[in-house]
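*Asks:* Compact mmCIF, C-alpha atoms, file entry25.txt:
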# COMPACT_ATOMS: atom_id res chain seq x y z
CA MET A 1 -24.44 9.46 39.94
CA SER A 2 -20.80 9.88 39.05
CA ASN A 3 -19.58 9.42 35.49
CA ASN A 4 -16.08 8.58 36.68
CA PRO A 5 -14.97 5.08 35.71
CA PRO A 6 -13.40 2.83 38.35
CA ASP A 7 -9.77 3.56 39.23
CA ASN A 8 -8.38 0.34 37.75
CA THR A 9 -9.95 1.27 34.37
CA VAL A 10 -8.40 4.72 34.60
CA GLU A 11 -4.99 3.24 35.32
CA GLN A 12 -5.36 0.77 32.47
CA ARG A 13 -6.33 3.56 30.11
CA ARG A 14 -3.37 5.71 31.18
CA LYS A 15 -1.04 2.79 30.53
CA VAL A 16 -2.44 2.30 27.03
CA LEU A 17 -2.23 6.02 26.43
CA LYS A 18 1.42 6.19 27.49
CA GLY A 19 2.39 3.40 25.09
CA ALA A 20 0.36 4.86 22.25
CA LEU A 21 1.81 8.35 22.71
CA ALA A 22 5.33 6.93 22.56
CA ALA A 23 4.50 5.22 19.26
CA SER A 24 2.66 8.16 17.72
CA GLY A 25 3.58 9.79 14.45
CA VAL A 26 1.75 12.38 12.36
CA VAL A 27 2.64 13.40 8.81
CA THR A 28 0.68 16.20 7.18
CA MET A 29 -0.48 15.22 3.71
CA GLY A 30 -2.06 18.60 3.06
CA TYR A 31 -5.39 19.66 1.73
CA SER A 32 -6.45 17.35 -1.02
CA GLY A 33 -9.73 17.35 -2.82
CA SER A 34 -8.82 14.08 -4.44
CA ALA A 35 -8.05 12.50 -1.06
CA LEU A 36 -11.46 13.59 0.16
CA ALA A 37 -13.00 12.10 -2.95
CA SER A 38 -11.15 8.90 -2.11
CA PHE A 39 -12.75 8.68 1.30
CA GLU A 40 -16.12 9.29 -0.23
CA CYS A 41 -15.91 6.90 -3.12
CA VAL A 42 -13.91 4.03 -1.68
CA THR A 43 -14.83 3.84 1.96
CA SER A 44 -18.46 4.78 1.64
CA THR A 45 -19.74 3.22 -1.55
CA ASP A 46 -21.23 -0.14 -2.26
CA ALA A 47 -22.34 -1.83 -5.42
CA THR A 48 -25.90 -0.49 -5.25
CA GLY A 49 -26.91 0.53 -8.73
CA VAL A 50 -23.71 -0.76 -10.25
CA PHE A 51 -24.27 -3.73 -12.50
CA GLY A 52 -21.50 -6.29 -12.30
CA PHE A 53 -21.27 -6.97 -16.02
CA LYS A 54 -21.89 -4.69 -18.99
CA LYS A 55 -21.44 -5.09 -22.72
CA THR A 56 -20.72 -1.37 -23.01
CA ILE A 57 -20.03 1.30 -20.38
CA GLY A 58 -21.27 4.86 -20.73
CA ALA A 59 -19.43 8.09 -19.94
CA SER A 60 -21.87 9.16 -17.23
CA ALA A 61 -19.71 7.87 -14.35
CA ASN A 62 -16.12 6.79 -13.86
CA TRP A 63 -16.35 3.46 -12.06
CA ALA A 64 -13.34 1.26 -12.64
CA TRP A 65 -14.09 -1.75 -14.84
CA LEU A 66 -12.00 -4.59 -16.16
CA ARG A 67 -12.09 -4.69 -19.94
CA LEU A 68 -12.60 -8.20 -21.34
CA LEU A 69 -12.23 -9.47 -24.86
CA VAL A 70 -15.42 -11.19 -26.05
CA PHE A 71 -14.93 -14.63 -27.58
CA ASP A 72 -17.21 -16.52 -29.94
CA THR A 73 -18.45 -19.92 -28.83
CA ASN A 74 -19.56 -23.05 -30.65
CA LYS A 75 -23.11 -21.77 -29.94
CA SER A 76 -22.64 -18.31 -31.40
CA ASN A 77 -25.07 -18.55 -34.28
CA ASN A 78 -28.35 -16.72 -33.91
CA ASP A 79 -30.35 -19.96 -34.07
CA GLN A 80 -28.24 -21.34 -31.18
CA GLY A 81 -28.94 -18.32 -28.94
CA ASN A 82 -25.92 -16.21 -29.91
CA TRP A 83 -23.83 -17.21 -26.89
CA LYS A 84 -20.51 -15.40 -26.30
CA ALA A 85 -17.75 -15.94 -23.76
CA VAL A 86 -15.37 -13.89 -21.61
CA LYS A 87 -12.34 -15.04 -19.62
CA ILE A 88 -12.32 -13.38 -16.17
CA PRO A 89 -9.32 -13.49 -13.81
CA THR A 90 -9.90 -15.62 -10.71
CA GLY A 91 -7.35 -13.64 -8.72
CA SER A 92 -6.63 -9.92 -8.51
CA ASP A 93 -4.34 -9.49 -11.51
CA PRO A 94 -6.02 -7.54 -14.33
CA THR A 95 -3.38 -8.69 -16.82
CA ASP A 96 -4.72 -12.27 -16.61
CA ALA A 97 -7.90 -11.22 -18.45
CA ASP A 98 -8.60 -12.95 -21.79
CA THR A 99 -5.99 -15.66 -21.24
CA ASP A 100 -6.47 -19.32 -20.29
CA THR A 101 -4.29 -18.95 -17.19
CA ASP A 102 -5.83 -18.05 -13.82
CA THR A 103 -9.17 -17.22 -15.41
CA SER A 104 -12.66 -18.70 -15.44
CA THR A 105 -14.72 -18.69 -18.63
CA TYR A 106 -18.20 -17.21 -18.37
CA PHE A 107 -20.91 -17.15 -21.03
CA PHE A 108 -23.65 -14.67 -21.88
CA GLN A 109 -26.30 -14.24 -24.52
CA ASP A 110 -25.61 -11.35 -26.84
CA SER A 111 -29.04 -10.06 -27.71
CA ALA A 112 -30.73 -6.68 -27.87
CA ALA A 113 -33.74 -8.15 -26.07
CA ILE A 114 -31.69 -9.12 -23.01
CA GLY A 115 -29.98 -5.73 -22.91
CA ASN A 116 -26.64 -4.29 -21.87
CA SER A 117 -26.26 -6.30 -18.64
CA PRO A 118 -27.07 -9.91 -19.53
CA PRO A 119 -26.62 -12.59 -16.86
CA LEU A 120 -23.22 -14.27 -16.81
CA TYR A 121 -23.19 -18.05 -16.54
CA ALA A 122 -20.26 -20.11 -15.29
CA ALA A 123 -19.24 -23.17 -17.29
CA GLY A 124 -21.45 -26.10 -16.32
CA ASP A 125 -24.49 -23.97 -15.48
CA THR A 126 -27.68 -25.79 -16.42
CA ALA A 127 -28.95 -22.69 -18.27
CA LEU A 128 -26.18 -23.13 -20.85
CA PRO A 129 -26.46 -25.14 -24.05
CA GLU A 130 -24.83 -28.52 -23.65
CA GLY A 131 -21.20 -28.69 -24.76
CA ILE A 132 -20.72 -24.92 -25.05
CA GLN A 133 -17.09 -23.82 -25.45
CA ALA A 134 -15.24 -20.59 -26.15
CA GLN A 135 -13.66 -20.51 -29.58
CA GLY A 136 -11.09 -18.57 -31.54
CA THR A 137 -8.86 -15.69 -30.56
CA GLY A 138 -11.51 -13.11 -29.78
CA THR A 139 -14.07 -11.13 -31.71
CA GLY A 140 -12.40 -7.74 -31.32
CA VAL A 141 -15.38 -6.62 -29.25
CA TYR A 142 -15.02 -5.89 -25.52
CA ALA A 143 -17.25 -6.23 -22.43
CA PHE A 144 -16.68 -5.07 -18.85
CA VAL A 145 -16.90 -6.39 -15.27
CA ILE A 146 -16.76 -4.23 -12.15
CA ILE A 147 -13.54 -4.30 -10.11
CA TYR A 148 -13.60 -4.57 -6.30
CA PHE A 149 -11.03 -2.60 -4.30
CA ASN A 150 -10.01 -2.32 -0.67
CA THR A 151 -9.91 1.08 1.00
CA GLY A 152 -6.25 1.42 0.09
CA GLY A 153 -7.13 1.35 -3.60
CA SER A 154 -5.70 -2.12 -4.27
CA ILE A 155 -7.62 -4.63 -6.38
CA LEU A 156 -9.27 -7.46 -4.46
CA GLY A 157 -10.93 -9.14 -7.43
CA PHE A 158 -13.49 -8.95 -10.18
CA PHE A 159 -17.19 -9.67 -10.65
CA PRO A 160 -18.24 -12.49 -10.44
CA THR A 161 -15.13 -14.57 -9.68
CA HIS A 162 -14.62 -12.52 -6.53
CA VAL A 163 -17.57 -12.61 -4.14
CA GLN A 164 -18.06 -9.15 -2.75
CA VAL A 165 -18.08 -8.90 1.04
CA SER A 166 -20.25 -6.05 2.26
CA GLY A 167 -18.28 -3.50 4.26
CA ARG A 168 -14.94 -4.59 2.84
CA ASP A 169 -14.92 -4.70 -0.95
CA TYR A 170 -15.93 -1.71 -2.99
CA PRO A 171 -16.21 -0.61 -6.57
CA ALA A 172 -14.15 2.55 -7.00
CA GLN A 173 -14.01 5.65 -9.09
CA GLY A 174 -10.96 6.81 -11.00
CA SER A 175 -10.64 9.89 -8.83
CA CYS A 176 -10.14 7.62 -5.81
CA LEU A 177 -7.47 5.53 -7.36
CA THR A 178 -5.31 8.37 -8.56
CA SER A 179 -4.92 9.64 -4.99
CA LEU A 180 -4.95 6.40 -3.02
CA ASN A 181 -3.04 4.14 -5.36
CA PRO A 182 -1.25 6.09 -8.07
CA HIS A 183 0.86 3.01 -8.87
CA LEU A 184 -2.11 0.82 -9.71
CA ASP A 185 -1.50 -1.37 -12.76
CA GLN A 186 -3.98 0.11 -15.23
CA THR A 187 -3.76 -2.77 -17.73
CA ASN A 188 -7.27 -3.61 -19.02
CA ILE A 189 -8.87 -1.05 -16.67
CA ARG A 190 -11.39 1.38 -18.13
CA TYR A 191 -13.61 3.99 -16.51
CA GLY A 192 -17.28 4.58 -17.13
CA GLY A 193 -20.75 3.86 -15.84
CA MET B 1 -19.83 20.48 3.24
CA SER B 2 -21.93 18.77 5.87
CA LEU B 3 -20.23 15.46 6.53
CA GLN B 4 -19.77 16.38 10.21
CA GLU B 5 -23.48 16.56 10.91
CA ASP B 6 -24.71 14.05 13.45
CA MET B 7 -21.38 12.25 13.57
CA SER B 8 -19.64 11.55 16.87
CA PRO B 9 -15.81 11.65 17.12
CA GLY B 10 -15.77 7.84 17.26
CA GLU B 11 -17.93 7.54 14.18
CA TRP B 12 -15.74 10.04 12.39
CA LEU B 13 -12.63 7.97 13.11
CA GLN B 14 -14.37 4.82 11.97
CA ARG B 15 -15.33 6.37 8.66
CA TYR B 16 -12.53 8.82 7.91
CA CYS B 17 -9.46 7.10 9.31
CA PRO B 18 -9.01 4.00 7.12
CA SER B 19 -6.00 1.72 7.35
CA LEU B 20 -3.61 1.85 4.41
CA ASP B 21 -0.89 -0.79 4.47
CA GLY B 22 -0.09 -0.44 8.18
CA GLN B 23 -0.48 3.34 8.27
CA PHE B 24 -3.70 5.31 8.66
CA LEU B 25 -5.08 8.24 6.70
CA PHE B 26 -7.02 10.76 8.80
CA LEU B 27 -9.29 13.46 7.47
CA ASP B 28 -9.40 16.54 9.70
CA PRO B 29 -13.09 17.50 10.08
CA VAL B 30 -12.27 21.19 10.46
CA SER B 31 -9.59 21.99 7.89
CA TRP B 32 -10.21 19.04 5.51
CA GLN B 33 -6.49 18.41 5.49
CA THR B 34 -5.37 14.79 5.43
CA PHE B 35 -2.76 13.29 7.76
CA GLN B 36 -0.86 10.04 7.72
CA LEU B 37 -0.87 8.49 11.20
CA THR B 38 0.85 5.59 12.91
CA GLU B 39 -1.25 3.01 14.76
CA GLY B 40 -0.17 4.58 18.06
CA ALA B 41 -1.49 7.98 16.99
CA VAL B 42 -4.81 6.42 16.00
CA THR B 43 -5.04 4.75 19.42
CA VAL B 44 -4.52 8.14 21.06
CA LEU B 45 -7.24 9.68 18.88
CA GLN B 46 -9.59 6.81 19.70
CA GLU B 47 -9.00 7.45 23.41
CA ALA B 48 -9.57 11.15 22.80
CA ALA B 49 -12.84 10.38 20.99
CA LYS B 50 -14.06 8.25 23.90
CA ALA B 51 -13.12 11.00 26.35
CA ILE B 52 -14.95 13.63 24.30
CA GLU B 53 -18.06 11.48 24.06
CA GLN B 54 -17.99 10.86 27.83
CA ASP B 55 -17.45 14.56 28.67
CA ARG B 56 -14.03 13.99 30.21
CA PHE B 57 -11.81 15.56 27.55
CA GLU B 58 -10.13 17.91 30.04
CA ALA B 59 -9.18 14.93 32.21
CA PHE B 60 -7.88 13.19 29.09
CA LEU B 61 -5.66 16.19 28.29
CA ALA B 62 -4.27 16.04 31.81
CA ASP B 63 -3.60 12.31 31.39
CA VAL B 64 -1.67 12.99 28.19
CA GLU B 65 0.44 15.64 29.89
CA GLU B 66 1.21 13.22 32.70
CA ALA B 67 2.03 10.41 30.27
CA GLY B 68 4.73 12.42 28.54
CA ASP B 69 2.90 15.13 26.59
CA TRP B 70 1.78 15.27 22.97
CA PRO B 71 3.94 14.27 20.00
CA PRO B 72 4.04 17.00 17.33
CA GLY B 73 0.78 17.56 15.50
CA LEU B 74 -1.43 15.13 17.41
CA GLU B 75 -3.01 17.49 19.96
CA PHE B 76 -4.34 19.62 17.11
CA LEU B 77 -6.11 16.60 15.62
CA ALA B 78 -7.59 15.56 18.97
CA ARG B 79 -8.95 19.06 19.41
CA THR B 80 -10.53 19.05 15.96
CA LEU B 81 -12.37 15.86 16.97
CA SER B 82 -13.80 17.73 19.94
CA THR B 83 -15.49 20.18 17.56
CA LEU B 84 -17.69 17.33 16.34
CA HIS B 85 -18.98 16.80 19.85
CA ILE B 86 -19.64 20.52 20.33
CA ALA B 87 -21.53 20.62 17.04
CA THR B 88 -23.86 17.81 18.09
CA GLU B 89 -24.22 18.66 21.79
CA SER B 90 -24.40 22.44 22.04
CA PRO B 91 -27.71 23.47 20.43
CA LEU B 92 -30.88 24.19 22.38
CA THR B 93 -29.46 24.40 25.89
CA ALA B 94 -31.60 27.39 26.91
Please go through the file and, once you have read it, give me the structure as structure tokens.
*Replies:*
Amino acid sequence: MSNNPPDNTVEQRRKVLKGALAASGVVTMGYSGSALASFECVTSTDATGVFGFKKTIGASANWAWLRLLVFDTNKSNNDQGNWKAVKIPTGSDPTDADTDTDTSTYFFQDSAAIGNSPPLYAAGDTALPEGIQAQGTGTGVYAFVIIYFNTGGSILGFFPTHVQVSGRDYPAQGSCLTSLNPHLDQTNIRYGG
Amino acid sequence: MSLQEDMSPGEWLQRYCPSLDGQFLFLDPVSWQTFQLTEGAVTVLQEAAKAIEQDRFEAFLADVEEAGDWPPGLEFLARTLSTLHIATESPLTA
């Protein structure tokens, strides 16, 4: 049996090839360990093993996280469950963090028993104490949510206001971002694991 | 490094030629150099990958010559893709 495709397919392919060759351009970027790291850590990673929210991040990895100021709530006393709040950007701008503009307020229980990655609850969640509200100007303590990037190193959004789409949105490591997007706005971004 | 193992030219392009704001970044599987490509250049490499996988790379090279020959730098990249096919197809032919 012949492997040759039919003639009309060959002609079609030659036509496509001619157009593509005319529009071809190649620029050598050079050997780059950091570029290779970028391929590996942006295009081939997913969120497996990466918790979306952490009260503290360790130095064992360099995932990019959005740093969030922790706010007290009107349910912050120990006998009320020690609930705290963070204000997470709803878009892709890290500078919106901690403000009341373009953010959603999420609540978590600050307790050693629950650990470093407590569940985050959106306002209105039935698990929250009734009437809970963020209060004050911040406790001076910070927490962190993972940032999702596209393969070009641009921010797509933040956990959990941005719903990660498998195969498109990735957490990223600092080594990726320095090569793929050296102009990334680093406001409120920290690296750790 | 062993990223090339068990990866066809098409799979290599899919994984190591991501789109970046209208341009494409290509990782050469032989030299590990990176190249910025236009969409047209990526189309040519995709056609090259198909030809390699279907064992008609020589015919593809002839088609390119007939269509106006290679733009600078692109033939080298197409040939590096063909090394992936050799790596996965050549063993144990005795």
*Asks:* Set the cut-off to 7 Å and count all atoms listed in the file: what are the residues of chain B that reach chain A? Output as a short mmCIF file (atom, residue, chain, number, x, y, z; two decimals) with C-alpha atoms, in the coordinates of the input.
*Replies:*
data_model
loop_
_atom_site.label_atom_id
_atom_site.label_comp_id
_atom_site.auth_asym_id
_atom_site.auth_seq_id
_atom_site.Cartn_x
_atom_site.Cartn_y
_atom_site.Cartn_z
CA TYR B 16 -12.53 8.82 7.91
CA PRO B 18 -9.01 4.00 7.12
CA LEU B 20 -3.61 1.85 4.41
CA TRP B 32 -10.21 19.04 5.51
CA GLN B 33 -6.49 18.41 5.49
CA THR B 34 -5.37 14.79 5.43
CA PHE B 35 -2.76 13.29 7.76
CA GLN B 36 -0.86 10.04 7.72
CA LEU B 37 -0.87 8.49 11.20
CA THR B 38 0.85 5.59 12.91
CA GLY B 40 -0.17 4.58 18.06
CA ALA B 41 -1.49 7.98 16.99
CA THR B 43 -5.04 4.75 19.42
CA VAL B 44 -4.52 8.14 21.06
CA ASP B 63 -3.60 12.31 31.39
CA ALA B 67 2.03 10.41 30.27
CA TRP B 70 1.78 15.27 22.97
CA PRO B 71 3.94 14.27 20.00
CA GLY B 73 0.78 17.56 15.50
CA LEU B 74 -1.43 15.13 17.41
#
*Asks:* Between A:Leu66, A:Val165, A:Ala61, A:Val145, which is the closest to Gly192 of chain A once you count only C-alpha atoms?
*Replies:*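 The closest residue to Gly192 of chain A is A:Ala61.
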*Asks:* One decimal, Å: what's the distance from atom CA of Asn77 of chain A over to atom CA of Gly52 of chain A, could you say?
*Replies:*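 Value for the atom CA of Asn77 of chain A-atom CA of Gly52 of chain A distance: 25.4 Å.
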*Asks:* Would you mind telling me which residue in A:Tyr142, A:Phe71, A:Tyr106, A:Trp83 lies nearest to Lys55 of chain A when using only C-alpha atoms?
*Replies:*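 Checking each of A:Tyr142, A:Phe71, A:Tyr106, A:Trp83 against Lys55 of chain A, counting only C-alpha atoms, the winner is A:Tyr142.
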*Asks:* In Å to one decimal, how far is atom CA of Lys54 of chain A from atom CA of Gly136 of chain A?
*Replies:*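 One can read the atom CA of Gly136 of chain A to atom CA of Lys54 of chain A distance as 21.6 Å.
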*Asks:* Between B:Lys50, B:Arg15, B:Arg79, B:Arg56, which residue has the minimum interatomic distance to Val30 of chain B, considering only C-alpha atoms?
*Replies:*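 Answer, going by the shortest atom-to-atom distance: B:Arg79.
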*Asks:* How many Å separate atom CA of Ala122 of chain A from atom CA of Phe149 of chain A?
*Replies:*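 Atom CA of Phe149 of chain A lies 22.6 Å from atom CA of Ala122 of chain A.
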*Asks:* For the point (-13.6, 17.0, 10.3) in the file's frame, write as a PyMOL selection string all residues with an atom no more than 8 Å away, counting only C-alpha atoms.
*Replies:* chain B and resi 3-4+12+27-32+80-81+84
